[in-house]
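Everything below concerns the one structure shown next.
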Amino acid sequence: MSHVLHVVYRVRSDAQSIDDRARAIAVEQSVEMPISAIDDPFVLSEIIGRVEAIREAEPDIFEVRVALAAHTVGHDPGQLMNMLFGNTSLHHDVVLQDVEFPEEFSKQFGGPRHGLQALRRRAGARRRALTCSALKPQGLSTAKLAELASRFARGGIDYIKDDHGLANQVYSPFTERIAAVAAALRCIVSEDGQPTLYVPSLSGDLDTMRGQLTASAQVGIDTVLVAPMVVGLATFHTLVKEHPTIAFIAHPSMAGASRIAPALLLGKLFRMLGADAVVFPNHGGRFGYSLDTCRQLAQMARCDWQGFRASVPVPAGRMTPERVPEMLDFYGPDTMLLIGGGLLVARERIVEETRAFVTAVRTYPYE
């Protein structure tokens, strides 16, 4: 078993300084002290980070590859992030670009417990792409959110998720909301006999979210939304381990505050920690993800990696029924298209616009 994590950083630096910068990162992310002060043989041989390679990726931008000891992590996702990027994240000119994990190391975290095939099976989707919309805006009463969910369901959508800002607010308390939305959806079955599935958003501390998961299961909900960077990666992973029958869709809120490459954070790390699906900003939307970033993220979420189940990439933003062929040409069928505002602006025609979106996805010429 290899005990080394191979970590890639992108560093803005001039050529004269990059060797020193690279060594400083390797030391900072391992022992965080002058090497000259260390005399322990094990620390010197096994723990201190080593610079493996330096490559100029573009003018004044270098890719620095560092070997870090997996011994320093244990089985803790929080400690993993600490050792990969803890202090170095304080340098504004460094990005955590990628990590190569030994298979024995990554498998400790389990990956998705359900993944693409299970989410498809629950929706009766077989080989086509999945469809999703969102309950919003904040401030709507429980009754209005349930009515909105029923309108999406009448249009045939596969999944309806809470907007990630919905929590346990006074105008739509969590327990009241999930009971009302679940009841509304049970009354509606699509033309092909498949139900629309509700995905409530978890929030609060660990014990609060445990209670929310119990309440969700009691009303027949088997898929939830959570923002791992908001609740904490260790908390997210704990919930995944403790609730093996529940599928977890990960939301990217706060992911942009970390200077971690999206394909690594959302596509690889979230998947390794148990995300069955990952929401991310679609290219051309208001968050500025490029075509290449979206392609790399989607590929990392579902590629053949470490024997993990595929996580479902869920592009969101600037999605309309008219763009469905373009999106499926780009992402392929192993995806979930999330459309929010593109349906909500239809107002009284939400059912018809939802049906048009669903029809476009279902009639796309999959090979």
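So you can find residues: chains in the structure tokens are A, B, ... in the order shown, residues in each start at 1, and ligands are numbered from 1 in order.
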message: I need the residues in region 8-213 of chain A that are alpha helix (DSSP H) according to DSSP; give them as an MDAnalysis selection string.
response: chainID A and resid 18:28 41:42 77:85 103:106 115:123 142:154 174:186 206:213
task: Quick one: everything within 8 Å of Val31 (chain A), counting only C-alpha atoms, minus sequence neighbours fewer than 6 positions away in the same chain. Send it as a ChimeraX atom specification.
output: /A:47-49
- request: May I ask which of the residues A:Phe270, A:Phe248, A:Tyr159, A:Phe287 is the closest one to Met336 (chain A), counting only C-alpha atoms?
  value: A:Tyr159
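Counting only C-alpha atoms, the residue from A:Val219, A:Ala275, A:Leu5, A:Leu185 that sits nearest to Phe236 (chain A) is A:Ala275.
Counting only C-alpha atoms, the residue from A:Pro195, A:Pro59, A:Pro313, A:Gly211 that sits nearest to Arg10 (chain A) is A:Pro59.
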Proximity to Ala356 (chain A) - best of A:Ala129, A:Ile157, A:Val181, A:Met83, only C-alpha atoms: A:Ile157
task: Would you mind listing what lies within 12 Å of region 296-302 of chain A as a VMD selection string, with only C-alpha atoms counted and same-chain residues fewer than 6 positions away left out?
output: chain A and resid 98 111 to 112 115 to 117 250 261 to 283 289 to 290 308 to 315 330 to 336
I need the residues from that last selection saved to file as a CSV table (one decimal), in the first residue's frame (with C-alpha atoms), if you can.
```csv
chain,number,residue,atom,x,y,z
A,98,ASP,CA,-5.6,18.0,-7.9
A,111,GLY,CA,-17.7,6.9,-2.3
A,112,PRO,CA,-21.4,7.2,-3.3
A,115,GLY,CA,-25.0,7.0,-7.4
A,116,LEU,CA,-26.2,7.3,-10.9
A,117,GLN,CA,-27.9,4.0,-11.4
A,250,ALA,CA,-24.3,17.8,-2.7
A,261,ALA,CA,-10.3,23.5,-8.4
A,262,PRO,CA,-14.0,22.7,-9.0
A,263,ALA,CA,-13.2,19.4,-10.6
A,264,LEU,CA,-11.2,18.3,-7.6
A,265,LEU,CA,-13.6,19.6,-4.9
A,266,LEU,CA,-17.0,19.0,-6.4
A,267,GLY,CA,-16.1,16.1,-8.8
A,268,LYS,CA,-13.5,14.1,-6.9
A,269,LEU,CA,-13.6,14.9,-3.1
A,270,PHE,CA,-17.4,15.2,-2.8
A,271,ARG,CA,-17.7,11.9,-4.7
A,272,MET,CA,-15.1,10.2,-2.5
A,273,LEU,CA,-16.9,11.3,0.6
A,274,GLY,CA,-20.3,10.0,-0.6
A,275,ALA,CA,-22.1,12.4,-2.8
A,276,ASP,CA,-24.5,10.5,-5.0
A,277,ALA,CA,-25.0,13.6,-7.2
A,278,VAL,CA,-23.3,17.0,-7.3
A,279,VAL,CA,-24.9,20.3,-8.3
A,280,PHE,CA,-22.5,22.8,-10.0
A,281,PRO,CA,-22.8,26.0,-12.0
A,282,ASN,CA,-23.4,25.4,-15.7
A,283,HIS,CA,-21.2,27.2,-18.2
A,289,TYR,CA,-17.5,28.3,-14.9
A,290,SER,CA,-15.9,27.6,-18.3
A,308,PHE,CA,-16.6,4.0,-6.8
A,309,ARG,CA,-20.1,4.3,-8.2
A,310,ALA,CA,-20.6,7.2,-10.5
A,311,SER,CA,-21.9,10.4,-9.0
A,312,VAL,CA,-24.5,12.3,-11.1
A,313,PRO,CA,-23.3,15.6,-12.4
A,314,VAL,CA,-26.1,18.2,-12.0
A,315,PRO,CA,-25.4,21.3,-14.1
A,330,PHE,CA,-22.3,18.4,-24.1
A,331,TYR,CA,-22.9,16.4,-20.9
A,332,GLY,CA,-24.4,13.2,-22.4
A,333,PRO,CA,-27.2,11.1,-20.9
A,334,ASP,CA,-25.5,10.3,-17.6
A,335,THR,CA,-26.5,13.6,-16.0
A,336,MET,CA,-29.3,15.4,-14.3
```
query: Expressed in Å to a single decimal, how great is the separation between CA of Gln108 (chain A) and CA of Phe85 (chain A)?
result: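 Calculated distance between CA of Gln108 (chain A) and CA of Phe85 (chain A) is 20.2 Å.
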field: Residue contacts of Leu68 (chain A) (10 Å, only C-alpha atoms) excluding same-chain residues fewer than 3 positions away, as a count of residues only
entry: 21
- request: Measuring atom to atom with only C-alpha atoms, identify which of A:Ser45, A:Ser203, A:Thr131, A:Thr235 is nearest to His164 (chain A).
  value: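 For His164 (chain A), the nearest of the given residues is A:Ser203.
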query: Taking into account only C-alpha atoms, which residue in the set A:Gln194, A:Ala183, A:Pro200, A:Tyr366 is nearest to Leu166 (chain A)?
result: A:Pro200
